[in-house]
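Visitor: Here it is, the structure, as structure tokens.
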Number of protein chains: 2
Amino acid sequence: MSSEDTAIHAKAIELGKLAVIATTAAKSGHPTTSLSLAHLVTVLMYRVMRWDPQHPEAPNADRLILSEGHAVPIVYAACADLGVAFTPADGRRRMTVEDLQGLRAIDSPVDGHPNPRLGFPFFDAATGSLGQGLSIAAGLGLAARLDNTGRRIFCVIGDGESREGQIWEAMDFIADQGLRNVVAIFNCNQLGQSDFVSKAQSAESLARKAEAFGWDTVTIDGHAPAEILAALDRQGGERPRCIVAKTVKGWGVPELGGTGHHGTPVPQDKLGSVIATLDRLARDLGADTVDTKQVFGAGKPQAWHAQAPAAATPAGFQAAVAGDAKARSAVEAGALSPRRAYGIALRALGEANPAVVAIDGDVKNSTYAEMFAQAYPERYFEGRIAEQNMISAGAGLAAGGKVPFVSTFGKFLIRGYDQLEMALIGGANIKLVGSHVGVTIAADGPSQMALADVAFMRAYAHVQDHRGQPAMTVLTPSDAASAYALTVAMAAYQGACYLRALRADLPVLYKEEDRFPFGGQKMLRLAGRDAGGVLLVASGYLVHTCLEAAERLEASGIPVSVIDAYALPMEAGPVLQTAREQRGVIFVVEDVYTGGIGSELAEAAASAIAPPRVVSLHVGRFPKSGRSAGDLLRYVGLSADDIVKTVGETVSG
Amino acid sequence: MSSEDTAIHAKAIELGKLAVIATTAAKSGHPTTSLSLAHLVTVLMYRVMRWDPQHPEAPNADRLILSEGHAVPIVYAACADLGVAFTPADGRRRMTVEDLQGLRAIDSPVDGHPNPRLGFPFFDAATGSLGQGLSIAAGLGLAARLDNTGRRIFCVIGDGESREGQIWEAMDFIADQGLRNVVAIFNCNQLGQSDFVSKAQSAESLARKAEAFGWDTVTIDGHAPAEILAALDRQGGERPRCIVAKTVKGWGVPELGGTGHHGTPVPQDKLGSVIATLDRLARDLGADTVDTKQVFGAGKPQAWHAQAPAAATPAGFQAAVAGDAKARSAVEAGALSPRRAYGIALRALGEANPAVVAIDGDVKNSTYAEMFAQAYPERYFEGRIAEQNMISAGAGLAAGGKVPFVSTFGKFLIRGYDQLEMALIGGANIKLVGSHVGVTIAADGPSQMALADVAFMRAYAHVQDHRGQPAMTVLTPSDAASAYALTVAMAAYQGACYLRALRADLPVLYKEEDRFPFGGQKMLRLAGRDAGGVLLVASGYLVHTCLEAAERLEASGIPVSVIDAYALPMEAGPVLQTAREQRGVIFVVEDVYTGGIGSELAEAAASAIAPPRVVSLHVGRFPKSGRSAGDLLRYVGLSADDIVKTVGETVSG
């Protein structure tokens with residue numbers, strides 16, 4: 001064995017011991033998965049990655065994405081050994097081996113799974129829900145290529161985890177994008193949580209699949225230092241590089257092998273024997289006499305200087321519309337869709353801010369992301385029909401300093417909600433755009449309509465992120481001018497947003513100078529104070545329906561106020577106050593299922609003193625196809641007729 | 001050309017014309033995708049499938065799953081031609097060509113995408129959100145194999161659609177399960193919506209991938225009748241069968257080829273010319289003189305008789321616990337986890353009801369689905385780490401007459417919410433079980449905690465399904481006895497349910513004879529009427545925390561009632577009434593984000609006359625790891641201390 005091999009074995013065993021000890025201290029965690037990665041992590045962090053432990057997040061530093069996040073104790077062990085910078089409660093400093101004792105403790109940033117937002121900047125993104133790391137790596141890789149940072153991204157994926165379809169979405173995406181700075185490493189320890197992995201996830205099968213997906217693939221012994229080094233040094237030619245590493249779960253400790261040891265720490269009373277086994281192994285390998293303090297030999301990051309010019313102010317709505325023939329004629333004809341306004345705004349942002357990038361899921365001609373794609377092709381990444389990858393790649397782009405707009409139909413974003421949750425946990429500055437929301441798309445039917453999206457997103461609208469802001473801001477503009485303004489605002493805002501960009505052409509309600517602060521709402525029509533009027537609150541398409549209903553109600557003698565509640569979370573106070581100054585009842589009208597503005601106002605009212613009543617009209621049955629928006633609104637009981645009738649019955653009842 | 005070929009060409013062109021005409025009438029839809037499938041659909045529906053158009057849903061009838069649901073006009077055309085039974089508003093009858101004119105109309109079951117619940121039993125499940133069909137086919141295939149019906153399932157998948165990772169999850173799953181009654185057919189027309197597909201989705205690439213995933217794969221010309229027939233006749237040996245069909249989008253009509261024609265009907269004024277082009281083609285092929293009425297030659301379904309014995313009543317909680325050594329000793333020690341009670345109940349259901357089946361995502365030792373797996377291995381399907389496939393396969397199993405319990409951590413179910421939505425739209429009788437919900441799992445941290453699950457599911461709790469019931473029932477039992485009872489109730493209920501099976505060992509609160517009707521709640525402690533008490537409402541773990549807080553509040557002189565609100569939707573009237581008879585304020589305590597019981601009660605209160613106040617305590621920040629449930633409850637402000645403090649301040653304030 002070469003001295004290099006011996007040194008890596010020595011360090012791998014040292015880290016393995018630290019990982020075992022830490023999980024025993026935590027009384028939970030994954031020592032056996034950690035041991036399977038001992039050599040791979042050692043070679044990556046001590047030999048291959050170009051980085052500075054004091055500045056792990058430097059834009060030109062190589063990165064390690066641990067897709068199988070539960071293996072994190074072995075990475076923490078290396079970080080403790082190398083004194084990687086982290087930020088416990090007492091402020092940023094270098095990690096020590098003693099800090100490993102805080103694994104999974106409530107007051108420690110050494111969390112159960114990777115999470116940069118708790119003070120662990122070695123990681124770019126939160127992982128732990130499986131299958132997402134390679135997509136995040138892809139986003140980081142795209143950002144690094146755009147900025148020419150020289151950064152490389154190494155992504156470690158579990159074999160059981162590779163059953164997740166998202167892994168294969170990412171394999172396609174990276175091959176499509178021709179990314180050469182991302183290396184996929186499959187950790188084939190043959191064991192999942194509850195059993196051996198399927199033969200479909202054997203090393204041989206994974207290597208066959210990776211080749212079929214267009215990757216240059218090599219299979220190695222993941223505990224043989226020289227093989228790991230050679231595989232990581234190897235250049236992939238035209239294709240992205242994949243390493244399939246055969247490893248042993250619980251490496252070095254026979255009694256931790258086989259099934260039944262996943263996520264099971266070594267009991268305190270057996271810890272001494274496990275450590276002794278590893279020490280014995282070190283002796284057998286001749287690794288017990290290595291001065292492991294000397295093992296770190298990773299290079300510094302390559303020189304790099306930030307190149308991105310600062311963001312300018314994008315064009316205003318009028319100028320942007322004037323510069324686009326189709327939009328101009330649509331406005332002249334009286335109606336422009338919020339989704340087209342989104343496309344125009346995104347293109348304007350592309351000019352103003354070089355950090356703005358976009359991904360779309362093969363519907364760019366529906367979401368109008370194509371306007372950006374045509375103008376800034378180098379900053380547009382076609383995500384194809386693979387929404388999970390798209391959202392996680394967006395999180396990766398955000399971690400790489402970009403402002404990613406990720407678009408598809410709102411319905412299809414739903415299949416990436418787990419990925420979105422992980423992006424939010426990791427604090428990603430991601431901008432989601434869902435078109436075709438609500439029932440008014442009509443003809444295509446319910447498989448294309450986003451109707452539970454607001455309920456889900458609103459949950460995060462009331463979670464505080466690490467910036468002290470809502471973890472999610474939901475925006476449903478009712479016209480093109482507000483859609484434009486809100487898109488511009490999303491780019492300037494630090495934090496996750498979700499724009500619901502309606503498909504329908506709608507009359508323009510607002511002027512360029514109107515402002516749409518997050519949390520706010522717009523009074524479109526206000527009955528005189530104490531006029532005994534009713535208050536209608538809506539967003540998006542239904543704002544127009546409410547305005548129509550208001551005309552008819554007023555004609556029948558009922559004064560009506562109409563509020564456009566374009567944002568969630570919502571500052572509810574002014575709405576409740578308006579209602580109090582009227583008849584004390586709010587009618588909320590939404591073409592989504594329960595859980596949107598109606599819930600927001602009901603919660604505010606129910607906890608208030610002297611609350612107004614809140615009557616919620618929302619979708620309460622599964623929609624179907626219809627040939628017009630009107631067909632659908634009648635079908636779900638949200639037409640102007642329905643509003644007039646409900647208000648009339650309530651007022652007279 | 002053989003007369004067989006000519007006849008199939010004739011029928012394919014006839015159906016193609018009908019599909020084009022129908023989409024023109026609807027002014028929306030996908031004529032070009034339809035034309036790409038004209039021959040495949042003809043051969044399948046007229047030659048290969050064994051079925052009776054009058055009884056398309058017969059358990060032994062072969063089935064066609066159109067994963068690329070937007071291609072449905074070509075299937076509707078065949079159904080109209082064959083007089084397939086469907087159920088328009090005037091009752092079940094055979095479809096006619098005239099019915100095609102109703103495509104996508106609000107009063108027609110001929111919807112924009114396949115949906116059995118609108119009265120179109122030719123389909124088993126709703127499709128249209130892409131990538132889900134093969135998983136549904138897998139579920140149907142498993143059910144057919146269990147029942148030995150002889151049914152075969154043919155699944156048509158788009159090439160662009162095959163970018164969805166779920167397709168590859170399904171490819172693995174079907175190979176793992178050794179299913180031979182499912183045939184995957186990739187329709188490679190080379191075009192997605194907005195562009196040509198990636199070369200990663202070329203026919204050649206898809207064939208390579210399918211082989212790497214263990215499928216016996218053949219590539220054919222999808223417009224050559226003899227090749228299609230030969231491929232479908234071919235036996236696959238030990239491996240599942242895959243057909244990669246090269247087709248032409250807009251087949252037969254050159255001006256509909258290339259990009260820019262996806263989802264675009266032929267304008268009325270060009271319809272004549274398109275039809276003439278297809279007629280000319282028929283002449284060129286010698287297919288214009290075929291009597292196409294004679295083309296249908298599909299066989300009848302094979303003889304089959306229902307074999308499943310009727311369901312019996314499962315054992316009661318006490319007997320089930322008594323029969324399980326670990327559960328018995330846990331109860332004797334004072335605490336049993338709801339998830340283990342779920343496992344015990346599932347095993348008891350397995351004995352009582354042969355229709356009960358289960359899928360789990362490699363966490364069966366955490367969800368306790370393993371108790372069922374060990375007892376009934378032939379009815380347990382290991383889903384591995386692939387949640388999207390698991391949920392859609394569950395929908396397929398339900399369509400095949402089974403009662404599927406689909407389990408994993410509640411967090412990981414979230415990545416299948418789009419699939420769940422499609423299952424709900426299709427009316428699937430599916431039972432989801434999410435373990436490890438809420439913050440009290442502590443150590444593993446937020447990547448493993450379901451916290452927005454209730455907000456999403458509650459949206460569907462207020463949608464009426466085709467049975468007139470809530471489209472989703474959410475159940476969060478607070479102890480093992482109620483978890484057991486609710487699991488049994490889920491199996492007996494026709495409709496989708498979601499059981500949140502907590503990880504923690506909890507004291508048993510209920511007796512075997514206690515009943516837990518859906519929509520109900522349990523009064524665990526009731527202050528005397530008009531005692532000026534406060535009302536605490538919680539579910540799951542927090543019920544116990546509230547009981548602890550109640551003891552302390554009473555000790556300080558504040559009478560307290562505690563309600564276990566185990567179900568959503570909730571009959572809120574009794575809760576509001578209890579609050580009115582006390583101090584008029586409800587404290588809701590939940591370890592999820594906004595959108596659960598607090599919203600449910602706030603909505604009920606805000607629309608009520610003389611409402612009580614609703615004060616909601618929920619998770620308002622991202623959690624992290626901690627070493628105990630108490631650590632986490634304190635971190636998010638939901639400990640008994642926090643409850644006592646909030647109640648105290650409110651009461652004195």
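Note on naming: chains are A, B, ... as they come in the structure tokens, residues start from 1 per chain, ligands start from 1 in the order shown.
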Identify, with DSSP run on backbone atoms, the residues in stretch 410-520 of chain A assigned to helix (DSSP H, G or I), and express the list as a ChimeraX atom specification.
Guide: /A:410-425,439-444,446-448,453-461,480-492
Visitor: Find the residues around stretch 99-101 of chain B up to 10 Å (only C-alpha atoms counted), leave out those fewer than 5 positions away in its own chain, and share them as a short mmCIF file (atom, residue, chain, number, x, y, z; two decimals) with N, CA and C atoms, in the first residue's frame.
Guide:
data_model
loop_
_atom_site.label_atom_id
_atom_site.label_comp_id
_atom_site.auth_asym_id
_atom_site.auth_seq_id
_atom_site.Cartn_x
_atom_site.Cartn_y
_atom_site.Cartn_z
N LEU B 18 -61.83 12.13 -37.16
CA LEU B 18 -62.80 12.43 -36.08
C LEU B 18 -62.14 13.25 -34.97
N ALA B 19 -60.91 12.91 -34.66
CA ALA B 19 -60.21 13.64 -33.58
C ALA B 19 -59.96 15.08 -33.99
N ILE B 21 -61.68 16.83 -36.17
CA ILE B 21 -62.98 17.53 -36.21
C ILE B 21 -63.44 17.88 -34.79
N ALA B 22 -63.26 16.94 -33.87
CA ALA B 22 -63.72 17.19 -32.50
C ALA B 22 -62.96 18.35 -31.86
N THR B 23 -61.66 18.40 -32.07
CA THR B 23 -60.89 19.49 -31.46
C THR B 23 -61.20 20.82 -32.11
N THR B 24 -61.50 20.80 -33.39
CA THR B 24 -61.93 22.05 -34.02
C THR B 24 -63.26 22.51 -33.42
N ALA B 25 -64.16 21.57 -33.20
CA ALA B 25 -65.45 21.93 -32.59
C ALA B 25 -65.23 22.50 -31.19
N ALA B 26 -64.29 21.91 -30.45
CA ALA B 26 -64.04 22.36 -29.08
C ALA B 26 -63.23 23.65 -29.04
N PRO B 73 -58.37 12.80 -27.59
CA PRO B 73 -59.36 12.83 -28.68
C PRO B 73 -59.31 11.61 -29.59
N TYR B 76 -61.21 8.98 -27.75
CA TYR B 76 -62.65 9.29 -27.83
C TYR B 76 -63.20 8.94 -29.21
N ALA B 77 -62.41 9.21 -30.26
CA ALA B 77 -62.88 8.91 -31.61
C ALA B 77 -63.16 7.41 -31.74
N CYS B 79 -63.79 5.37 -29.29
CA CYS B 79 -64.94 5.03 -28.42
C CYS B 79 -66.25 5.39 -29.11
N ALA B 80 -66.25 6.54 -29.79
CA ALA B 80 -67.47 6.94 -30.49
C ALA B 80 -67.77 5.95 -31.61
N ASP B 81 -66.74 5.57 -32.33
CA ASP B 81 -66.89 4.65 -33.45
C ASP B 81 -67.37 3.28 -32.97
N PRO B 88 -73.47 10.11 -20.10
CA PRO B 88 -73.80 11.54 -20.12
C PRO B 88 -74.97 11.83 -19.18
N ARG B 94 -74.52 4.02 -25.20
CA ARG B 94 -73.34 3.87 -26.05
C ARG B 94 -73.03 5.20 -26.72
N SER B 108 -70.72 17.85 -20.88
CA SER B 108 -70.37 16.58 -21.51
C SER B 108 -69.35 15.81 -20.68
N PRO B 109 -69.45 14.47 -20.63
CA PRO B 109 -68.40 13.68 -19.97
C PRO B 109 -67.16 13.49 -20.84
N VAL B 110 -67.23 14.00 -22.07
CA VAL B 110 -66.08 13.86 -22.99
C VAL B 110 -65.10 14.99 -22.66
#
Visitor: Please provide the set of residues having any atom within 6 Å of A:Ala527, restricted to only C-alpha atoms, with same-chain residues fewer than 4 positions apart removed, written as a list in words.
Guide: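 Non-adjacent residues within range: Pro559, Val560 and Ser561 of chain A.
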Visitor: Would you please work out which residue, of B:Gly178, B:Gly160, B:Gly637, B:Gly133, is nearest to chain A when using only C-alpha atoms?
Guide: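 Among B:Gly178, B:Gly160, B:Gly637, B:Gly133, it is B:Gly160 that comes nearest to chain A.
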Visitor: In terms of the shortest atom-to-atom distance over only C-alpha atoms, which of A:Arg415, A:Arg503, A:Lys249, A:Arg180 is closest to A:Trp215?
Guide: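 Selected residue with least distance to A:Trp215: A:Arg180.
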Visitor: How many Å separate atom CA of A:Gly83 from atom CA of A:His223?
Guide: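 Spanning atom CA of A:Gly83 to atom CA of A:His223 is a straight-line distance of 24.3 Å.
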Visitor: So that I can check the surroundings of stretch 323-325 of chain B, please list as a VMD selection string every protein, DNA and RNA residue that reaches within 12 Å of it, counting only C-alpha atoms and ignoring chain neighbours fewer than 3 positions away.
Guide: chain B and resid 315 to 320 328 to 332 340 to 341 343 to 345 347 to 348 371
Visitor: Would you please give, as an MDAnalysis selection string, all residues of stretch 163-218 of chain A that DSSP assigns to strand (DSSP E) based on the backbone?
Guide: chainID A and resid 182:188 216:218
Visitor: Just the residues within 6 Å of stretch 38-43 of chain A, please, counting only C-alpha atoms, with nothing from its chain fewer than 2 positions along; format it as number ranges by chain.
Guide: A: 12, 16, 35-36, 45-47, 223
Visitor: Report as a PDB file with N, CA, C and O atoms, in the first residue's frame all protein, DNA and RNA residues lying within 7 Å of B:Ala395, evaluated on only C-alpha atoms, omitting residues in the same chain fewer than 4 positions from it.
Guide:
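So around.pdb came out as:
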ATOM      1  N   ILE B 136     -49.856   3.980 -12.590  1.00  0.00           N
ATOM      2  CA  ILE B 136     -51.255   3.541 -12.466  1.00  0.00           C
ATOM      3  C   ILE B 136     -51.413   2.159 -13.097  1.00  0.00           C
ATOM      4  O   ILE B 136     -52.044   1.265 -12.526  1.00  0.00           O
ATOM      5  N   GLY B 139     -50.225  -0.484 -10.790  1.00  0.00           N
ATOM      6  CA  GLY B 139     -51.205  -0.819  -9.755  1.00  0.00           C
ATOM      7  C   GLY B 139     -52.307  -1.717 -10.295  1.00  0.00           C
ATOM      8  O   GLY B 139     -52.696  -2.714  -9.666  1.00  0.00           O
ATOM      9  N   ILE B 391     -47.755   6.445  -4.948  1.00  0.00           N
ATOM     10  CA  ILE B 391     -49.106   7.012  -4.832  1.00  0.00           C
ATOM     11  C   ILE B 391     -49.924   6.697  -6.080  1.00  0.00           C
ATOM     12  O   ILE B 391     -51.082   6.279  -5.984  1.00  0.00           O
ATOM     13  N   ALA B 399     -58.244   1.370  -8.436  1.00  0.00           N
ATOM     14  CA  ALA B 399     -59.051   1.175  -9.646  1.00  0.00           C
ATOM     15  C   ALA B 399     -59.229  -0.303  -9.949  1.00  0.00           C
ATOM     16  O   ALA B 399     -60.219  -0.697 -10.582  1.00  0.00           O
ATOM     17  N   ALA B 423     -55.186  11.309  -8.292  1.00  0.00           N
ATOM     18  CA  ALA B 423     -55.931  10.184  -7.711  1.00  0.00           C
ATOM     19  C   ALA B 423     -57.281  10.658  -7.179  1.00  0.00           C
ATOM     20  O   ALA B 423     -58.302   9.988  -7.355  1.00  0.00           O
ATOM     21  N   ALA B 428     -60.187   7.946  -6.631  1.00  0.00           N
ATOM     22  CA  ALA B 428     -59.567   6.709  -6.124  1.00  0.00           C
ATOM     23  C   ALA B 428     -59.845   6.510  -4.643  1.00  0.00           C
ATOM     24  O   ALA B 428     -59.758   7.443  -3.849  1.00  0.00           O
ATOM     25  N   ILE B 430     -58.223   5.566  -2.065  1.00  0.00           N
ATOM     26  CA  ILE B 430     -56.837   5.361  -1.639  1.00  0.00           C
ATOM     27  C   ILE B 430     -56.661   5.789  -0.184  1.00  0.00           C
ATOM     28  O   ILE B 430     -57.299   6.752   0.274  1.00  0.00           O
TER      29      ILE B 430
END
